[in-house]
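Listing of entry15.cif, mmCIF, C-alpha atoms; chains and numbers go by the auth columns
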data_query
#
loop_
_atom_site.group_PDB
_atom_site.id
_atom_site.type_symbol
_atom_site.label_atom_id
_atom_site.label_comp_id
_atom_site.label_asym_id
_atom_site.label_seq_id
_atom_site.Cartn_x
_atom_site.Cartn_y
_atom_site.Cartn_z
_atom_site.B_iso_or_equiv
_atom_site.auth_seq_id
_atom_site.auth_asym_id
ATOM 1 C CA MET A 1 -4.837 9.756 -14.611 0.00 1 R
ATOM 2 C CA PRO A 2 -3.309 10.251 -11.138 0.00 2 R
ATOM 3 C CA GLN A 3 -2.780 7.162 -9.011 0.00 3 R
ATOM 4 C CA PHE A 4 -3.621 6.915 -5.307 0.00 4 R
ATOM 5 C CA MET A 5 -2.967 4.571 -2.402 0.00 5 R
ATOM 6 C CA ASP A 6 -5.539 4.986 0.324 0.00 6 R
ATOM 7 C CA VAL A 7 -5.249 3.419 3.737 0.00 7 R
ATOM 8 C CA HIS A 8 -7.886 2.189 6.169 0.00 8 R
ATOM 9 C CA THR A 9 -6.566 1.486 9.664 0.00 9 R
ATOM 10 C CA HIS A 10 -9.588 0.217 11.587 0.00 10 R
ATOM 11 C CA MET A 11 -10.621 -2.956 9.756 0.00 11 R
ATOM 12 C CA VAL A 12 -9.382 -5.476 12.324 0.00 12 R
ATOM 13 C CA GLY A 13 -10.685 -8.954 11.558 0.00 13 R
ATOM 14 C CA VAL A 14 -11.907 -8.132 8.051 0.00 14 R
ATOM 15 C CA THR A 15 -12.738 -11.357 6.222 0.00 15 R
ATOM 16 C CA ALA A 16 -12.272 -12.184 2.549 0.00 16 R
ATOM 17 C CA GLU A 17 -16.047 -11.964 2.100 0.00 17 R
ATOM 18 C CA GLU A 18 -16.256 -8.564 3.803 0.00 18 R
ATOM 19 C CA LEU A 19 -13.366 -7.132 1.805 0.00 19 R
ATOM 20 C CA ALA A 20 -14.849 -8.428 -1.438 0.00 20 R
ATOM 21 C CA ALA A 21 -18.216 -6.879 -0.553 0.00 21 R
ATOM 22 C CA ALA A 22 -16.634 -3.533 0.355 0.00 22 R
ATOM 23 C CA HIS A 23 -14.599 -3.506 -2.850 0.00 23 R
ATOM 24 C CA GLN A 24 -17.636 -4.435 -4.920 0.00 24 R
ATOM 25 C CA ALA A 25 -19.664 -1.619 -3.336 0.00 25 R
ATOM 26 C CA ASP A 26 -16.917 0.855 -4.296 0.00 26 R
ATOM 27 C CA VAL A 27 -16.680 -0.496 -7.824 0.00 27 R
ATOM 28 C CA GLU A 28 -20.432 -0.201 -8.344 0.00 28 R
ATOM 29 C CA ILE A 29 -20.434 3.582 -7.778 0.00 29 R
ATOM 30 C CA GLN A 30 -16.838 4.516 -8.662 0.00 30 R
ATOM 31 C CA GLY A 31 -17.922 5.714 -12.112 0.00 31 R
ATOM 32 C CA ASP A 32 -19.812 8.599 -10.488 0.00 32 R
ATOM 33 C CA GLU A 33 -16.449 10.146 -9.621 0.00 33 R
ATOM 34 C CA GLY A 34 -14.304 8.735 -12.421 0.00 34 R
ATOM 35 C CA VAL A 35 -12.436 6.475 -9.985 0.00 35 R
ATOM 36 C CA ASP A 36 -10.983 3.070 -10.913 0.00 36 R
ATOM 37 C CA PHE A 37 -10.198 0.926 -7.867 0.00 37 R
ATOM 38 C CA GLN A 38 -7.577 -1.579 -8.963 0.00 38 R
ATOM 39 C CA HIS A 39 -6.582 -3.679 -5.970 0.00 39 R
ATOM 40 C CA ALA A 40 -7.009 -3.960 -2.201 0.00 40 R
ATOM 41 C CA TRP A 41 -4.605 -5.624 0.224 0.00 41 R
ATOM 42 C CA ALA A 42 -5.681 -6.322 3.811 0.00 42 R
ATOM 43 C CA ASP A 43 -3.986 -7.326 7.047 0.00 43 R
ATOM 44 C CA PRO A 44 -6.910 -8.377 9.274 0.00 44 R
ATOM 45 C CA ARG A 45 -4.588 -8.661 12.284 0.00 45 R
ATOM 46 C CA THR A 46 -3.554 -4.976 12.270 0.00 46 R
ATOM 47 C CA GLY A 47 -6.754 -3.815 10.585 0.00 47 R
ATOM 48 C CA HIS A 48 -4.913 -2.109 7.745 0.00 48 R
ATOM 49 C CA VAL A 49 -6.313 -2.130 4.214 0.00 49 R
ATOM 50 C CA PHE A 50 -4.429 -0.554 1.284 0.00 50 R
ATOM 51 C CA CYS A 51 -6.390 0.356 -1.865 0.00 51 R
ATOM 52 C CA LEU A 52 -4.712 1.285 -5.138 0.00 52 R
ATOM 53 C CA SER A 53 -6.730 3.369 -7.581 0.00 53 R
ATOM 54 C CA GLU A 54 -6.625 5.738 -10.486 0.00 54 R
ATOM 55 C CA ALA A 55 -8.775 8.805 -9.969 0.00 55 R
ATOM 56 C CA PRO A 56 -9.127 12.478 -10.863 0.00 56 R
ATOM 57 C CA SER A 57 -8.328 13.531 -7.273 0.00 57 R
ATOM 58 C CA ALA A 58 -7.870 12.330 -3.701 0.00 58 R
ATOM 59 C CA ASP A 59 -11.250 13.832 -2.856 0.00 59 R
ATOM 60 C CA ALA A 60 -12.907 11.669 -5.516 0.00 60 R
ATOM 61 C CA VAL A 61 -11.426 8.580 -3.823 0.00 61 R
ATOM 62 C CA ARG A 62 -12.549 9.841 -0.404 0.00 62 R
ATOM 63 C CA ARG A 63 -16.093 10.482 -1.580 0.00 63 R
ATOM 64 C CA ILE A 64 -16.560 6.966 -2.979 0.00 64 R
ATOM 65 C CA HIS A 65 -15.212 5.313 0.181 0.00 65 R
ATOM 66 C CA GLU A 66 -17.394 7.574 2.356 0.00 66 R
ATOM 67 C CA ARG A 67 -20.554 6.801 0.423 0.00 67 R
ATOM 68 C CA THR A 68 -19.969 3.054 0.787 0.00 68 R
ATOM 69 C CA GLY A 69 -19.458 3.364 4.536 0.00 69 R
ATOM 70 C CA HIS A 70 -15.728 2.752 4.894 0.00 70 R
ATOM 71 C CA PRO A 71 -13.992 6.154 4.843 0.00 71 R
ATOM 72 C CA ALA A 72 -10.244 6.150 4.195 0.00 72 R
ATOM 73 C CA ASP A 73 -7.971 7.326 7.003 0.00 73 R
ATOM 74 C CA GLU A 74 -5.296 8.457 4.533 0.00 74 R
ATOM 75 C CA VAL A 75 -5.162 9.068 0.782 0.00 75 R
ATOM 76 C CA HIS A 76 -1.711 9.365 -0.790 0.00 76 R
ATOM 77 C CA GLU A 77 -1.129 10.503 -4.360 0.00 77 R
ATOM 78 C CA ILE A 78 1.412 8.168 -5.949 0.00 78 R
ATOM 79 C CA THR A 79 3.774 10.126 -8.176 0.00 79 R
ATOM 80 C CA VAL A 80 6.866 7.891 -8.005 0.00 80 R
ATOM 81 C CA THR A 81 7.035 4.098 -8.369 0.00 81 R
ATOM 82 C CA ALA A 82 9.758 1.463 -8.526 0.00 82 R
ATOM 83 C CA MET B 1 4.916 -17.542 0.323 0.00 83 U
ATOM 84 C CA PRO B 2 3.337 -14.898 2.593 0.00 84 U
ATOM 85 C CA GLN B 3 2.809 -11.442 1.150 0.00 85 U
ATOM 86 C CA PHE B 4 3.620 -8.189 2.954 0.00 86 U
ATOM 87 C CA MET B 5 2.962 -4.487 2.570 0.00 87 U
ATOM 88 C CA ASP B 6 5.526 -2.409 4.412 0.00 88 U
ATOM 89 C CA VAL B 7 5.214 1.314 4.936 0.00 89 U
ATOM 90 C CA HIS B 8 7.831 4.039 5.233 0.00 90 U
ATOM 91 C CA THR B 9 6.487 7.344 6.540 0.00 91 U
ATOM 92 C CA HIS B 10 9.515 9.658 6.538 0.00 92 U
ATOM 93 C CA MET B 11 10.570 9.850 2.876 0.00 93 U
ATOM 94 C CA VAL B 12 9.327 13.370 2.128 0.00 94 U
ATOM 95 C CA GLY B 13 10.655 14.619 -1.183 0.00 95 U
ATOM 96 C CA VAL B 14 11.875 11.229 -2.389 0.00 96 U
ATOM 97 C CA THR B 15 12.733 11.431 -6.099 0.00 97 U
ATOM 98 C CA ALA B 16 12.305 8.786 -8.770 0.00 98 U
ATOM 99 C CA GLU B 17 16.078 8.307 -8.806 0.00 99 U
ATOM 100 C CA GLU B 18 16.272 7.910 -5.022 0.00 100 U
ATOM 101 C CA LEU B 19 13.379 5.427 -4.926 0.00 101 U
ATOM 102 C CA ALA B 20 14.900 3.415 -7.766 0.00 102 U
ATOM 103 C CA ALA B 21 18.260 3.333 -5.957 0.00 103 U
ATOM 104 C CA ALA B 22 16.655 2.280 -2.654 0.00 104 U
ATOM 105 C CA HIS B 23 14.638 -0.429 -4.382 0.00 105 U
ATOM 106 C CA GLN B 24 17.698 -1.665 -6.266 0.00 106 U
ATOM 107 C CA ALA B 25 19.711 -1.861 -3.031 0.00 107 U
ATOM 108 C CA ASP B 26 16.966 -4.001 -1.496 0.00 108 U
ATOM 109 C CA VAL B 27 16.747 -6.247 -4.544 0.00 109 U
ATOM 110 C CA GLU B 28 20.490 -6.847 -4.546 0.00 110 U
ATOM 111 C CA ILE B 29 20.469 -8.416 -1.059 0.00 111 U
ATOM 112 C CA GLN B 30 16.878 -9.682 -0.778 0.00 112 U
ATOM 113 C CA GLY B 31 17.979 -13.218 -1.636 0.00 113 U
ATOM 114 C CA ASP B 32 19.848 -13.415 1.687 0.00 114 U
ATOM 115 C CA GLU B 33 16.467 -13.533 3.439 0.00 115 U
ATOM 116 C CA GLY B 34 14.348 -15.125 0.713 0.00 116 U
ATOM 117 C CA VAL B 35 12.469 -11.857 0.113 0.00 117 U
ATOM 118 C CA ASP B 36 11.047 -10.798 -3.258 0.00 118 U
ATOM 119 C CA PHE B 37 10.253 -7.073 -3.414 0.00 119 U
ATOM 120 C CA GLN B 38 7.656 -6.648 -6.142 0.00 120 U
ATOM 121 C CA HIS B 39 6.642 -2.997 -6.281 0.00 121 U
ATOM 122 C CA ALA B 40 7.052 0.322 -4.481 0.00 122 U
ATOM 123 C CA TRP B 41 4.618 3.262 -4.570 0.00 123 U
ATOM 124 C CA ALA B 42 5.684 6.659 -3.225 0.00 124 U
ATOM 125 C CA ASP B 43 3.959 9.911 -2.310 0.00 125 U
ATOM 126 C CA PRO B 44 6.870 12.364 -1.968 0.00 126 U
ATOM 127 C CA ARG B 45 4.539 15.036 -0.589 0.00 127 U
ATOM 128 C CA THR B 46 3.483 13.031 2.491 0.00 128 U
ATOM 129 C CA GLY B 47 6.701 10.994 2.584 0.00 129 U
ATOM 130 C CA HIS B 48 4.865 7.677 2.467 0.00 130 U
ATOM 131 C CA VAL B 49 6.297 4.724 0.535 0.00 131 U
ATOM 132 C CA PHE B 50 4.422 1.402 0.261 0.00 132 U
ATOM 133 C CA CYS B 51 6.401 -1.728 -0.674 0.00 133 U
ATOM 134 C CA LEU B 52 4.742 -4.992 -1.679 0.00 134 U
ATOM 135 C CA SER B 53 6.767 -8.162 -1.232 0.00 135 U
ATOM 136 C CA GLU B 54 6.664 -11.896 -0.823 0.00 136 U
ATOM 137 C CA ALA B 55 8.805 -13.112 2.064 0.00 137 U
ATOM 138 C CA PRO B 56 9.140 -15.869 4.665 0.00 138 U
ATOM 139 C CA SER B 57 8.307 -13.419 7.488 0.00 139 U
ATOM 140 C CA ALA B 58 7.835 -9.770 8.421 0.00 140 U
ATOM 141 C CA ASP B 59 11.203 -9.866 10.157 0.00 141 U
ATOM 142 C CA ALA B 60 12.882 -10.918 6.906 0.00 142 U
ATOM 143 C CA VAL B 61 11.403 -7.820 5.219 0.00 143 U
ATOM 144 C CA ARG B 62 12.500 -5.638 8.148 0.00 144 U
ATOM 145 C CA ARG B 63 16.055 -6.944 8.070 0.00 145 U
ATOM 146 C CA ILE B 64 16.550 -6.226 4.366 0.00 146 U
ATOM 147 C CA HIS B 65 15.195 -2.679 4.668 0.00 147 U
ATOM 148 C CA GLU B 66 17.342 -2.067 7.777 0.00 148 U
ATOM 149 C CA ARG B 67 20.525 -3.266 6.092 0.00 149 U
ATOM 150 C CA THR B 68 19.946 -0.928 3.147 0.00 150 U
ATOM 151 C CA GLY B 69 19.407 2.058 5.411 0.00 151 U
ATOM 152 C CA HIS B 70 15.678 2.682 5.088 0.00 152 U
ATOM 153 C CA PRO B 71 13.924 0.766 7.889 0.00 153 U
ATOM 154 C CA ALA B 72 10.190 0.219 7.503 0.00 154 U
ATOM 155 C CA ASP B 73 7.906 1.943 10.006 0.00 155 U
ATOM 156 C CA GLU B 74 5.234 -0.748 9.600 0.00 156 U
ATOM 157 C CA VAL B 75 5.123 -4.244 8.080 0.00 157 U
ATOM 158 C CA HIS B 76 1.683 -5.725 7.454 0.00 158 U
ATOM 159 C CA GLU B 77 1.099 -9.342 6.470 0.00 159 U
ATOM 160 C CA ILE B 78 -1.418 -9.431 3.629 0.00 160 U
ATOM 161 C CA THR B 79 -3.759 -12.364 4.053 0.00 161 U
ATOM 162 C CA VAL B 80 -6.837 -11.013 2.233 0.00 162 U
ATOM 163 C CA THR B 81 -7.000 -9.277 -1.143 0.00 163 U
ATOM 164 C CA ALA B 82 -9.690 -7.993 -3.469 0.00 164 U
#
Could you render the structure from this file as structure tokens?
Amino acid sequence: MPQFMDVHTHMVGVTAEELAAAHQADVEIQGDEGVDFQHAWADPRTGHVFCLSEAPSADAVRRIHERTGHPADEVHEITVTA
Amino acid sequence: MPQFMDVHTHMVGVTAEELAAAHQADVEIQGDEGVDFQHAWADPRTGHVFCLSEAPSADAVRRIHERTGHPADEVHEITVTA
């Protein structure tokens, strides 16, 4: 399954509770698109959140994040790791 | 130890061999700054590379990447995860 890193850039001040709630909302409907969100890393100061997932496509990732109200600003398909 | 996600945005076409070599170069000198690079995820199509590390500071991460010839475009301190 392809792997993706999506990036949100406007989540300044996001709290642990808010990130957990956003992640949980994604996880609850991710099966509709065959997405598996694995981890989210946030920098509340810059407002950047990075989400790692496995999914059939970038659009599948986008659709889940859109439905839960926090659309991704970028979705990158990860094809090389180290 | 604080955790960081740094982002490179100009590595279009990076190969597995090139990413492995860049990561290895960082790992070889990371001890000079007390940095521990843990993982790198690359999208050769968009040229984005995301590096997760533990380090004393963002500047420590920046210095290692600068010395090995691939400066980071952004360094985000990760203080919230999900």
Check which residues of stretch 17-77 of chain R sit at most 10 Å from stretch 120-129 of chain U using all atoms listed in the file, and return one row each with the closest pair of atoms and their distance in Å to one decimal, ordered by chain and rising number, as CSV.
residue,atom,partner,partner_atom,distance
R:Leu52,CA,U:Trp123,CA,9.6
R:Val75,CA,U:Thr128,CA,9.7
R:His76,CA,U:Asp125,CA,5.9
R:Glu77,CA,U:Asp125,CA,5.5
Students should find that atom CA of R:Thr68 and atom CA of R:Glu28 are spaced 9.7 Å
As a ChimeraX atom specification, could you give me every residue of chain R near chain U (at most 12 Å apart, counting only C-alpha atoms)? /R:2-7,9,11-27,37-53,74-82
Pull out every residue that the PyMOL selection byres ((chain U and resi 139-143) around 7) matches in the shown coordinates and put them as a PDB file with C-alpha atoms, in the frame of the given file.
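Final output, saved to selection_0.pdb:
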ATOM      1  CA  GLU U 115      16.467 -13.533   3.439  1.00  0.00           C
ATOM      2  CA  VAL U 117      12.469 -11.857   0.113  1.00  0.00           C
ATOM      3  CA  ALA U 137       8.805 -13.112   2.064  1.00  0.00           C
ATOM      4  CA  PRO U 138       9.140 -15.869   4.665  1.00  0.00           C
ATOM      5  CA  ARG U 144      12.500  -5.638   8.148  1.00  0.00           C
ATOM      6  CA  ARG U 145      16.055  -6.944   8.070  1.00  0.00           C
ATOM      7  CA  ILE U 146      16.550  -6.226   4.366  1.00  0.00           C
ATOM      8  CA  HIS U 147      15.195  -2.679   4.668  1.00  0.00           C
ATOM      9  CA  VAL U 157       5.123  -4.244   8.080  1.00  0.00           C
TER      10      VAL U 157
END
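Here atom CA of U:Asp118 is placed at a distance of 9.8 Å from atom CA of U:Met83.
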Atomic distance atom CA of R:Pro71 - atom CA of R:His10, expressed in Å with one decimal: 10.0 Å
Dump all heavy atoms of stretch 2-17 of chain R from the given block, as a PDB file, in the first residue's frame.
ATOM      1  N   PRO R   2       0.621   2.207  -0.863  1.00  0.00           N
ATOM      2  CA  PRO R   2       1.425   3.442  -0.873  1.00  0.00           C
ATOM      3  C   PRO R   2       1.379   4.169   0.468  1.00  0.00           C
ATOM      4  O   PRO R   2       0.388   4.079   1.205  1.00  0.00           O
ATOM      5  CB  PRO R   2       0.775   4.278  -1.978  1.00  0.00           C
ATOM      6  CG  PRO R   2       0.089   3.300  -2.866  1.00  0.00           C
ATOM      7  CD  PRO R   2      -0.359   2.178  -1.965  1.00  0.00           C
ATOM      8  N   GLN R   3       2.451   4.875   0.751  1.00  0.00           N
ATOM      9  CA  GLN R   3       2.578   5.630   1.995  1.00  0.00           C
ATOM     10  C   GLN R   3       2.547   7.126   1.671  1.00  0.00           C
ATOM     11  O   GLN R   3       3.088   7.548   0.635  1.00  0.00           O
ATOM     12  CB  GLN R   3       3.893   5.248   2.676  1.00  0.00           C
ATOM     13  CG  GLN R   3       4.033   5.706   4.111  1.00  0.00           C
ATOM     14  CD  GLN R   3       5.287   5.139   4.771  1.00  0.00           C
ATOM     15  OE1 GLN R   3       6.348   5.064   4.174  1.00  0.00           O
ATOM     16  NE2 GLN R   3       5.167   4.748   6.031  1.00  0.00           N
ATOM     17  N   PHE R   4       1.965   7.904   2.549  1.00  0.00           N
ATOM     18  CA  PHE R   4       1.833   9.348   2.316  1.00  0.00           C
ATOM     19  C   PHE R   4       2.210  10.128   3.567  1.00  0.00           C
ATOM     20  O   PHE R   4       1.983   9.671   4.693  1.00  0.00           O
ATOM     21  CB  PHE R   4       0.385   9.701   1.925  1.00  0.00           C
ATOM     22  CG  PHE R   4      -0.035   9.071   0.633  1.00  0.00           C
ATOM     23  CD1 PHE R   4      -0.609   7.810   0.625  1.00  0.00           C
ATOM     24  CD2 PHE R   4       0.201   9.703  -0.577  1.00  0.00           C
ATOM     25  CE1 PHE R   4      -0.955   7.193  -0.579  1.00  0.00           C
ATOM     26  CE2 PHE R   4      -0.140   9.096  -1.785  1.00  0.00           C
ATOM     27  CZ  PHE R   4      -0.716   7.840  -1.785  1.00  0.00           C
ATOM     28  N   MET R   5       2.793  11.318   3.337  1.00  0.00           N
ATOM     29  CA  MET R   5       2.965  12.296   4.411  1.00  0.00           C
ATOM     30  C   MET R   5       2.163  13.516   3.999  1.00  0.00           C
ATOM     31  O   MET R   5       2.458  14.136   2.960  1.00  0.00           O
ATOM     32  CB  MET R   5       4.437  12.676   4.584  1.00  0.00           C
ATOM     33  CG  MET R   5       4.689  13.612   5.757  1.00  0.00           C
ATOM     34  SD  MET R   5       4.636  12.776   7.371  1.00  0.00           S
ATOM     35  CE  MET R   5       6.312  12.101   7.449  1.00  0.00           C
ATOM     36  N   ASP R   6       1.122  13.821   4.764  1.00  0.00           N
ATOM     37  CA  ASP R   6       0.383  15.044   4.453  1.00  0.00           C
ATOM     38  C   ASP R   6       0.730  16.107   5.480  1.00  0.00           C
ATOM     39  O   ASP R   6       1.168  15.819   6.589  1.00  0.00           O
ATOM     40  CB  ASP R   6      -1.127  14.788   4.327  1.00  0.00           C
ATOM     41  CG  ASP R   6      -1.805  14.445   5.622  1.00  0.00           C
ATOM     42  OD1 ASP R   6      -2.057  15.373   6.419  1.00  0.00           O
ATOM     43  OD2 ASP R   6      -2.098  13.249   5.839  1.00  0.00           O
ATOM     44  N   VAL R   7       0.572  17.361   5.039  1.00  0.00           N
ATOM     45  CA  VAL R   7       1.008  18.487   5.847  1.00  0.00           C
ATOM     46  C   VAL R   7      -0.129  19.488   5.980  1.00  0.00           C
ATOM     47  O   VAL R   7      -0.762  19.869   4.985  1.00  0.00           O
ATOM     48  CB  VAL R   7       2.229  19.189   5.196  1.00  0.00           C
ATOM     49  CG1 VAL R   7       2.770  20.282   6.125  1.00  0.00           C
ATOM     50  CG2 VAL R   7       3.323  18.184   4.847  1.00  0.00           C
ATOM     51  N   HIS R   8      -0.384  19.879   7.207  1.00  0.00           N
ATOM     52  CA  HIS R   8      -1.311  20.979   7.520  1.00  0.00           C
ATOM     53  C   HIS R   8      -0.431  22.142   7.997  1.00  0.00           C
ATOM     54  O   HIS R   8       0.486  21.928   8.785  1.00  0.00           O
ATOM     55  CB  HIS R   8      -2.275  20.585   8.638  1.00  0.00           C
ATOM     56  CG  HIS R   8      -3.002  19.296   8.398  1.00  0.00           C
ATOM     57  ND1 HIS R   8      -4.314  19.228   8.019  1.00  0.00           N
ATOM     58  CD2 HIS R   8      -2.565  18.004   8.475  1.00  0.00           C
ATOM     59  CE1 HIS R   8      -4.669  17.955   7.882  1.00  0.00           C
ATOM     60  NE2 HIS R   8      -3.628  17.194   8.160  1.00  0.00           N
ATOM     61  N   THR R   9      -0.736  23.346   7.543  1.00  0.00           N
ATOM     62  CA  THR R   9       0.151  24.471   7.861  1.00  0.00           C
ATOM     63  C   THR R   9      -0.548  25.595   8.627  1.00  0.00           C
ATOM     64  O   THR R   9       0.044  26.648   8.838  1.00  0.00           O
ATOM     65  CB  THR R   9       0.770  25.053   6.572  1.00  0.00           C
ATOM     66  OG1 THR R   9      -0.283  25.546   5.737  1.00  0.00           O
ATOM     67  CG2 THR R   9       1.564  23.995   5.824  1.00  0.00           C
ATOM     68  N   HIS R  10      -1.793  25.369   9.020  1.00  0.00           N
ATOM     69  CA  HIS R  10      -2.541  26.459   9.660  1.00  0.00           C
ATOM     70  C   HIS R  10      -3.120  26.037  11.005  1.00  0.00           C
ATOM     71  O   HIS R  10      -4.220  26.455  11.367  1.00  0.00           O
ATOM     72  CB  HIS R  10      -3.677  26.923   8.741  1.00  0.00           C
ATOM     73  CG  HIS R  10      -3.203  27.422   7.421  1.00  0.00           C
ATOM     74  ND1 HIS R  10      -3.121  26.630   6.298  1.00  0.00           N
ATOM     75  CD2 HIS R  10      -2.745  28.632   7.043  1.00  0.00           C
ATOM     76  CE1 HIS R  10      -2.663  27.335   5.287  1.00  0.00           C
ATOM     77  NE2 HIS R  10      -2.423  28.545   5.704  1.00  0.00           N
ATOM     78  N   MET R  11      -2.401  25.191  11.742  1.00  0.00           N
ATOM     79  CA  MET R  11      -2.934  24.712  13.019  1.00  0.00           C
ATOM     80  C   MET R  11      -2.165  25.315  14.199  1.00  0.00           C
ATOM     81  O   MET R  11      -1.817  24.632  15.170  1.00  0.00           O
ATOM     82  CB  MET R  11      -2.942  23.175  13.039  1.00  0.00           C
ATOM     83  CG  MET R  11      -3.875  22.611  11.951  1.00  0.00           C
ATOM     84  SD  MET R  11      -4.041  20.800  11.929  1.00  0.00           S
ATOM     85  CE  MET R  11      -5.129  20.537  13.340  1.00  0.00           C
ATOM     86  N   VAL R  12      -1.917  26.621  14.107  1.00  0.00           N
ATOM     87  CA  VAL R  12      -1.196  27.319  15.178  1.00  0.00           C
ATOM     88  C   VAL R  12      -1.951  27.140  16.497  1.00  0.00           C
ATOM     89  O   VAL R  12      -3.172  27.308  16.547  1.00  0.00           O
ATOM     90  CB  VAL R  12      -1.042  28.817  14.852  1.00  0.00           C
ATOM     91  CG1 VAL R  12      -0.467  29.580  16.051  1.00  0.00           C
ATOM     92  CG2 VAL R  12      -0.136  29.008  13.643  1.00  0.00           C
ATOM     93  N   GLY R  13      -1.205  26.763  17.535  1.00  0.00           N
ATOM     94  CA  GLY R  13      -1.784  26.646  18.864  1.00  0.00           C
ATOM     95  C   GLY R  13      -2.519  25.350  19.132  1.00  0.00           C
ATOM     96  O   GLY R  13      -3.125  25.197  20.201  1.00  0.00           O
ATOM     97  N   VAL R  14      -2.443  24.404  18.184  1.00  0.00           N
ATOM     98  CA  VAL R  14      -3.174  23.137  18.387  1.00  0.00           C
ATOM     99  C   VAL R  14      -2.709  22.482  19.696  1.00  0.00           C
ATOM    100  O   VAL R  14      -1.518  22.411  19.988  1.00  0.00           O
ATOM    101  CB  VAL R  14      -2.977  22.190  17.176  1.00  0.00           C
ATOM    102  CG1 VAL R  14      -1.528  21.743  17.002  1.00  0.00           C
ATOM    103  CG2 VAL R  14      -3.910  20.978  17.289  1.00  0.00           C
ATOM    104  N   THR R  15      -3.672  22.038  20.481  1.00  0.00           N
ATOM    105  CA  THR R  15      -3.357  21.391  21.757  1.00  0.00           C
ATOM    106  C   THR R  15      -3.318  19.876  21.582  1.00  0.00           C
ATOM    107  O   THR R  15      -3.780  19.332  20.562  1.00  0.00           O
ATOM    108  CB  THR R  15      -4.415  21.718  22.822  1.00  0.00           C
ATOM    109  OG1 THR R  15      -5.657  21.116  22.409  1.00  0.00           O
ATOM    110  CG2 THR R  15      -4.594  23.215  22.983  1.00  0.00           C
ATOM    111  N   ALA R  16      -2.799  19.193  22.585  1.00  0.00           N
ATOM    112  CA  ALA R  16      -2.765  17.731  22.562  1.00  0.00           C
ATOM    113  C   ALA R  16      -4.179  17.174  22.438  1.00  0.00           C
ATOM    114  O   ALA R  16      -4.426  16.216  21.699  1.00  0.00           O
ATOM    115  CB  ALA R  16      -2.082  17.201  23.819  1.00  0.00           C
ATOM    116  N   GLU R  17      -5.128  17.794  23.147  1.00  0.00           N
ATOM    117  CA  GLU R  17      -6.511  17.326  23.111  1.00  0.00           C
ATOM    118  C   GLU R  17      -7.113  17.523  21.717  1.00  0.00           C
ATOM    119  O   GLU R  17      -7.817  16.653  21.198  1.00  0.00           O
ATOM    120  CB  GLU R  17      -7.348  18.072  24.156  1.00  0.00           C
ATOM    121  CG  GLU R  17      -6.981  17.749  25.597  1.00  0.00           C
ATOM    122  CD  GLU R  17      -5.642  18.348  26.041  1.00  0.00           C
ATOM    123  OE1 GLU R  17      -5.146  19.306  25.394  1.00  0.00           O
ATOM    124  OE2 GLU R  17      -5.067  17.844  27.033  1.00  0.00           O
TER     125      GLU R  17
END
